[in-house]
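Everything below belongs to start-v5.cif, which stores mmCIF, C-alpha atoms.
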data_entry
loop_
_atom_site.label_atom_id
_atom_site.label_comp_id
_atom_site.auth_asym_id
_atom_site.auth_seq_id
_atom_site.Cartn_x
_atom_site.Cartn_y
_atom_site.Cartn_z
CA MET A 1 15.13 15.34 5.04
CA ARG A 2 12.61 13.36 3.02
CA LYS A 3 9.53 14.84 1.37
CA ILE A 4 7.54 11.99 -0.14
CA LEU A 5 4.41 12.01 -2.26
CA LEU A 6 2.42 8.75 -2.25
CA PHE A 7 -0.35 8.29 -4.78
CA GLY A 8 -2.42 5.64 -6.51
CA ASN A 9 -5.90 4.18 -6.69
CA SER A 10 -8.12 4.00 -3.63
CA GLY A 11 -7.30 0.81 -1.77
CA SER A 12 -3.72 0.70 -3.04
CA GLY A 13 -2.22 1.10 0.43
CA LYS A 14 -1.35 4.80 0.48
CA SER A 15 -2.54 5.42 4.03
CA THR A 16 -0.93 2.25 5.37
CA LEU A 17 2.46 3.08 3.88
CA ALA A 18 2.20 6.76 4.85
CA CYS A 19 1.48 5.82 8.47
CA GLN A 20 4.45 3.44 8.53
CA LEU A 21 6.74 6.17 7.21
CA ALA A 22 5.31 8.87 9.47
CA ASN A 23 5.69 6.71 12.56
CA ALA A 24 9.35 6.45 11.76
CA THR A 25 10.35 10.10 11.37
CA MET A 26 7.97 12.18 9.27
CA ALA A 27 4.79 14.20 9.47
CA HIS A 28 1.83 12.74 7.56
CA LEU A 29 -0.86 14.51 5.56
CA ASP A 30 -3.78 12.69 3.97
CA LEU A 31 -5.02 14.90 1.14
CA ASP A 32 -8.56 13.66 1.77
CA SER A 33 -8.52 15.88 4.84
CA LEU A 34 -8.25 19.07 2.78
CA ALA A 35 -9.57 18.23 -0.65
CA TRP A 36 -13.27 18.36 0.22
CA LEU A 37 -15.63 20.94 1.66
CA PRO A 38 -17.66 19.78 4.67
CA LYS A 39 -20.89 19.51 2.63
CA GLN A 40 -23.35 16.96 1.39
CA PRO A 41 -23.27 16.02 -1.37
CA PRO A 42 -19.46 16.04 -1.43
CA GLN A 43 -17.85 18.97 -3.23
CA ARG A 44 -14.16 19.64 -3.85
CA MET A 45 -12.59 22.52 -1.99
CA PRO A 46 -11.30 25.20 -4.37
CA LEU A 47 -7.71 24.45 -5.34
CA THR A 48 -6.52 27.80 -3.97
CA GLU A 49 -7.94 26.98 -0.52
CA SER A 50 -6.41 23.49 -0.53
CA ARG A 51 -3.08 25.03 -1.51
CA VAL A 52 -3.10 27.33 1.53
CA LEU A 53 -3.58 24.32 3.81
CA ILE A 54 -0.88 22.32 2.01
CA ASP A 55 1.55 25.25 2.24
CA GLU A 56 0.86 25.55 5.99
CA PHE A 57 1.58 21.85 6.47
CA THR A 58 4.83 21.89 4.48
CA ALA A 59 6.03 25.10 6.14
CA ASN A 60 5.54 23.56 9.58
CA ASN A 61 7.20 20.21 8.83
CA GLU A 62 10.75 19.65 7.67
CA SER A 63 10.18 16.03 6.61
CA TRP A 64 6.84 14.76 5.44
CA VAL A 65 4.83 12.17 3.60
CA ILE A 66 1.74 13.37 1.77
CA GLU A 67 -0.68 10.88 0.29
CA GLY A 68 -3.70 10.99 -1.92
CA CYS A 69 -5.16 10.35 -5.35
CA TYR A 70 -5.53 14.05 -6.33
CA THR A 71 -3.06 14.71 -9.14
CA ASP A 72 -3.99 18.40 -9.16
CA LEU A 73 -2.91 18.70 -5.50
CA LEU A 74 0.16 16.51 -5.96
CA GLU A 75 1.30 18.77 -8.80
CA LEU A 76 1.42 21.67 -6.32
CA LEU A 77 4.07 19.73 -4.41
CA ALA A 78 6.17 18.32 -7.25
CA GLU A 79 8.87 20.99 -6.98
CA THR A 80 9.34 20.60 -3.22
CA SER A 81 9.09 16.83 -2.90
CA THR A 82 12.20 14.66 -2.88
CA GLU A 83 10.51 11.39 -3.83
CA LEU A 84 7.43 9.98 -5.54
CA VAL A 85 5.90 6.62 -4.76
CA PHE A 86 3.23 5.38 -7.17
CA LEU A 87 1.23 2.53 -5.66
CA ASN A 88 0.09 0.93 -8.90
CA LEU A 89 -1.43 -2.28 -7.58
CA PRO A 90 -3.74 -4.52 -9.61
CA LEU A 91 -7.44 -3.72 -9.34
CA GLU A 92 -8.17 -6.99 -7.52
CA GLN A 93 -5.64 -6.14 -4.79
CA CYS A 94 -7.08 -2.64 -4.33
CA LEU A 95 -10.55 -4.13 -3.95
CA LEU A 96 -9.33 -6.66 -1.37
CA ASN A 97 -7.43 -3.99 0.54
CA ALA A 98 -10.52 -1.76 0.60
CA SER A 99 -12.68 -4.56 1.98
CA LEU A 100 -10.12 -5.25 4.73
CA ARG A 101 -9.27 -1.65 5.66
CA PRO A 102 -9.31 -0.76 9.32
CA TRP A 103 -11.51 2.04 10.60
CA GLU A 104 -10.27 5.47 9.53
CA PRO A 105 -11.53 7.74 12.35
CA HIS A 106 -10.30 10.89 10.60
CA LYS A 107 -12.77 10.12 7.77
CA TYR A 108 -15.69 8.32 9.43
CA ALA A 109 -17.54 8.64 12.73
CA SER A 110 -17.56 4.85 13.18
CA LYS A 111 -16.43 1.60 11.56
CA GLU A 112 -20.10 1.01 10.72
CA ALA A 113 -20.31 4.34 8.85
CA GLN A 114 -17.14 3.46 6.95
CA ASP A 115 -18.47 0.00 6.06
CA ALA A 116 -21.75 1.55 4.86
CA ASN A 117 -19.65 3.43 2.28
CA LEU A 118 -17.84 0.32 1.03
CA GLU A 119 -20.12 -0.31 -1.96
CA MET A 120 -19.51 3.25 -3.24
CA LEU A 121 -15.76 2.85 -2.66
CA ILE A 122 -15.64 -0.43 -4.58
CA ASP A 123 -17.46 1.21 -7.48
CA TRP A 124 -14.98 4.12 -7.36
CA ILE A 125 -11.98 1.78 -7.35
CA THR A 126 -13.25 -0.17 -10.37
CA GLN A 127 -13.54 3.05 -12.40
CA TYR A 128 -9.82 3.91 -11.97
CA GLU A 129 -8.71 2.75 -15.41
CA HIS A 130 -11.75 4.26 -17.16
CA ARG A 131 -11.89 7.71 -15.57
CA ASP A 132 -10.55 10.78 -17.36
CA ASP A 133 -9.85 13.06 -14.40
CA VAL A 134 -7.23 13.90 -11.75
CA PHE A 135 -8.03 10.60 -9.95
CA SER A 136 -7.32 8.33 -12.94
CA ILE A 137 -4.50 5.96 -13.75
CA THR A 138 -3.83 8.16 -16.80
CA ALA A 139 -3.26 11.26 -14.65
CA HIS A 140 -1.18 9.30 -12.13
CA THR A 141 0.98 7.74 -14.83
CA GLN A 142 1.62 11.08 -16.52
CA PHE A 143 2.52 12.66 -13.18
CA TYR A 144 4.90 9.80 -12.36
CA GLU A 145 6.54 9.81 -15.79
CA GLY A 146 6.99 13.60 -15.75
CA PHE A 147 8.75 13.65 -12.37
CA SER A 148 12.52 13.91 -12.76
CA GLY A 149 13.53 13.08 -9.18
CA THR A 150 13.70 9.84 -7.23
CA LYS A 151 10.64 7.71 -7.86
CA THR A 152 9.38 4.22 -7.12
CA CYS A 153 6.48 2.30 -8.62
CA ILE A 154 5.04 -0.34 -6.29
CA LEU A 155 3.13 -3.12 -8.01
CA SER A 156 2.15 -5.38 -5.08
CA ASN A 157 1.47 -5.40 -1.34
CA GLU A 158 4.60 -7.50 -0.87
CA HIS A 159 6.93 -4.68 -1.92
CA SER A 160 8.96 -3.24 0.94
CA PHE A 161 9.62 0.48 0.67
CA ILE A 162 10.68 1.61 4.13
#

As a first step, turn the structure in this file into structure tokens.
Amino acid sequence: MRKILLFGNSGSGKSTLACQLANATMAHLDLDSLAWLPKQPPQRMPLTESRVLIDEFTANNESWVIEGCYTDLLELLAETSTELVFLNLPLEQCLLNASLRPWEPHKYASKEAQDANLEMLIDWITQYEHRDDVFSITAHTQFYEGFSGTKTCILSNEHSFI
């Protein structure tokens, strides 16, 4: 029974790896689906409300892979997860991955709508090492280093984890 947390910068391959793992034997939760309120401009859902949704997901699934860049949400799962995977790819690889990403219908109404957001995403990705928030490399590194269980740090797209 595996309970895996995948995290890293946007474009690092979290969704791709999570889908590969989930197709094998596990349920998959993308934290993007419960981290934001359905509003414009975007606004984070209160942590307590996100936690209820996370707890429902974990209660209903024996094995799971949960992915996202939200260290505050990942911390809620640290005690129950069996593994951490930190996708710590170079910035250039994250940018390339983002530009090549397939349509994510759970996030965007169309591939065109997703592509229209690419400039904002690229800007977001480039800020990873400079941010001082729950989405930053600093927060991810501290979370990874503080975890005492099984953990893997992936540094390239060529790494095989499954």

For the contact check between region 18-105 of chain A and region 134-144 of chain A, emit one row per residue of region 18-105 of chain A within 8 Å, containing the shortest atom pair and the distance in Å rounded to one decimal, counting only C-alpha atoms, chain then rising number order, as a tab-separated table.
residue	atom	partner	partner_atom	distance
A:Cys69	CA	A:Phe135	CA	5.4
A:Tyr70	CA	A:Phe135	CA	5.6
A:Thr71	CA	A:Val134	CA	5.0
A:Asp72	CA	A:Val134	CA	6.1
A:Glu75	CA	A:Phe143	CA	7.6
A:Leu84	CA	A:Tyr144	CA	7.3
A:Phe86	CA	A:Tyr144	CA	7.0

If you keep C-alpha atoms, can you produce a file of those selected residues as a CSV table (one decimal), keeping the file's coordinate frame?
chain,number,residue,atom,x,y,z
A,69,CYS,CA,-5.2,10.4,-5.4
A,70,TYR,CA,-5.5,14.0,-6.3
A,71,THR,CA,-3.1,14.7,-9.1
A,72,ASP,CA,-4.0,18.4,-9.2
A,75,GLU,CA,1.3,18.8,-8.8
A,84,LEU,CA,7.4,10.0,-5.5
A,86,PHE,CA,3.2,5.4,-7.2

Check: Pick the closest to Thr126 (chain A) from A:Gln93, A:Gln114, A:Ser63, A:Ser148: which is it, counting all atoms listed in the file?
Finding: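 Among A:Gln93, A:Gln114, A:Ser63, A:Ser148, it is A:Gln93 that comes nearest to Thr126 (chain A).
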
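From CA of His28 (chain A) back to CA of Glu112 (chain A), the distance works out to 25.1 Å.
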
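Every polymer residue reaching to within 6 Å of (-0.3, 9.0, -1.9), counting all atoms listed in the file, appears in this list: Leu5, Leu6, Phe7, Lys14, Glu67 and Gly68 of chain A.
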
Write out the residues from the selection above, keeping C-alpha atoms, as an mmCIF file, in the frame of the given file.
data_model
loop_
_atom_site.group_PDB
_atom_site.id
_atom_site.type_symbol
_atom_site.label_atom_id
_atom_site.label_comp_id
_atom_site.auth_asym_id
_atom_site.auth_seq_id
_atom_site.Cartn_x
_atom_site.Cartn_y
_atom_site.Cartn_z
ATOM 1 C CA LEU A 5 4.410 12.010 -2.260
ATOM 2 C CA LEU A 6 2.420 8.750 -2.250
ATOM 3 C CA PHE A 7 -0.350 8.290 -4.780
ATOM 4 C CA LYS A 14 -1.350 4.800 0.480
ATOM 5 C CA GLU A 67 -0.680 10.880 0.290
ATOM 6 C CA GLY A 68 -3.700 10.990 -1.920
#

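With the shown file loaded, the PyMOL selection byres ((chain A and resi 106) around 12) picks out A:Ser15, A:Leu29, A:Asp30, A:Leu31, A:Asp32, A:Ser33, A:Leu34, A:Pro102, A:Trp103, A:Glu104, A:Pro105, A:Lys107, A:Tyr108, A:Ala109, A:Ser110, A:Lys111, A:Gln114.
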
Residue selection dump (C-alpha atoms) as an mmCIF file, in the coordinates of the input:
data_model
loop_
_atom_site.group_PDB
_atom_site.id
_atom_site.type_symbol
_atom_site.label_atom_id
_atom_site.label_comp_id
_atom_site.auth_asym_id
_atom_site.auth_seq_id
_atom_site.Cartn_x
_atom_site.Cartn_y
_atom_site.Cartn_z
ATOM 1 C CA SER A 15 -2.540 5.420 4.030
ATOM 2 C CA LEU A 29 -0.860 14.510 5.560
ATOM 3 C CA ASP A 30 -3.780 12.690 3.970
ATOM 4 C CA LEU A 31 -5.020 14.900 1.140
ATOM 5 C CA ASP A 32 -8.560 13.660 1.770
ATOM 6 C CA SER A 33 -8.520 15.880 4.840
ATOM 7 C CA LEU A 34 -8.250 19.070 2.780
ATOM 8 C CA PRO A 102 -9.310 -0.760 9.320
ATOM 9 C CA TRP A 103 -11.510 2.040 10.600
ATOM 10 C CA GLU A 104 -10.270 5.470 9.530
ATOM 11 C CA PRO A 105 -11.530 7.740 12.350
ATOM 12 C CA LYS A 107 -12.770 10.120 7.770
ATOM 13 C CA TYR A 108 -15.690 8.320 9.430
ATOM 14 C CA ALA A 109 -17.540 8.640 12.730
ATOM 15 C CA SER A 110 -17.560 4.850 13.180
ATOM 16 C CA LYS A 111 -16.430 1.600 11.560
ATOM 17 C CA GLN A 114 -17.140 3.460 6.950
#

Note to self: Considering all atoms listed in the file, can you say which of A:Glu56, A:Glu79, A:Glu92, A:Asp123 comes closest to Ser12 (chain A)?
What the structure shows: A:Glu92

Note to self: Once the PyMOL selection byres ((chain A and resi 10) around 7) has been evaluated on this model, what residues remain selected, and can you format them as a ChimeraX atom specification?
What the structure shows: /A:8-9,11-12,94,125

Restricting the output to C-alpha atoms, write the selected residues as a compact mmCIF listing (two decimals), in the frame of the given file.
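Okay, this is what ended up in part-v7.txt:
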# COMPACT_ATOMS: atom_id res chain seq x y z
CA GLY A 8 -2.42 5.64 -6.51
CA ASN A 9 -5.90 4.18 -6.69
CA GLY A 11 -7.30 0.81 -1.77
CA SER A 12 -3.72 0.70 -3.04
CA CYS A 94 -7.08 -2.64 -4.33
CA ILE A 125 -11.98 1.78 -7.35

Check: Could you state the separation of CA of Glu49 (chain A) and CA of Ile66 (chain A) in Å, given to one decimal place?
Finding: 16.9 Å

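Pairwise distance (CA of Glu83 (chain A), CA of Leu95 (chain A)) equals 26.2 Å.
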
Note to self: Applying the PyMOL selection byres ((chain A and resi 156) around 9) to the file I just gave you, which residues come out? Please list them as a list in words.
What the structure shows: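 The output of the PyMOL selection byres ((chain A and resi 156) around 9) on this file is Ser12, Leu87, Asn88, Leu89, Pro90, Gln93, Ile154, Leu155, Asn157, Glu158 and His159 of chain A.
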
Next item on the list: Within 9 Å of Ala27 (chain A), counting only C-alpha atoms, which residues show up once you throw out same-chain ones fewer than 3 positions away? Write them as number ranges by chain, please.
Entry: A: 21-23, 57, 61-66
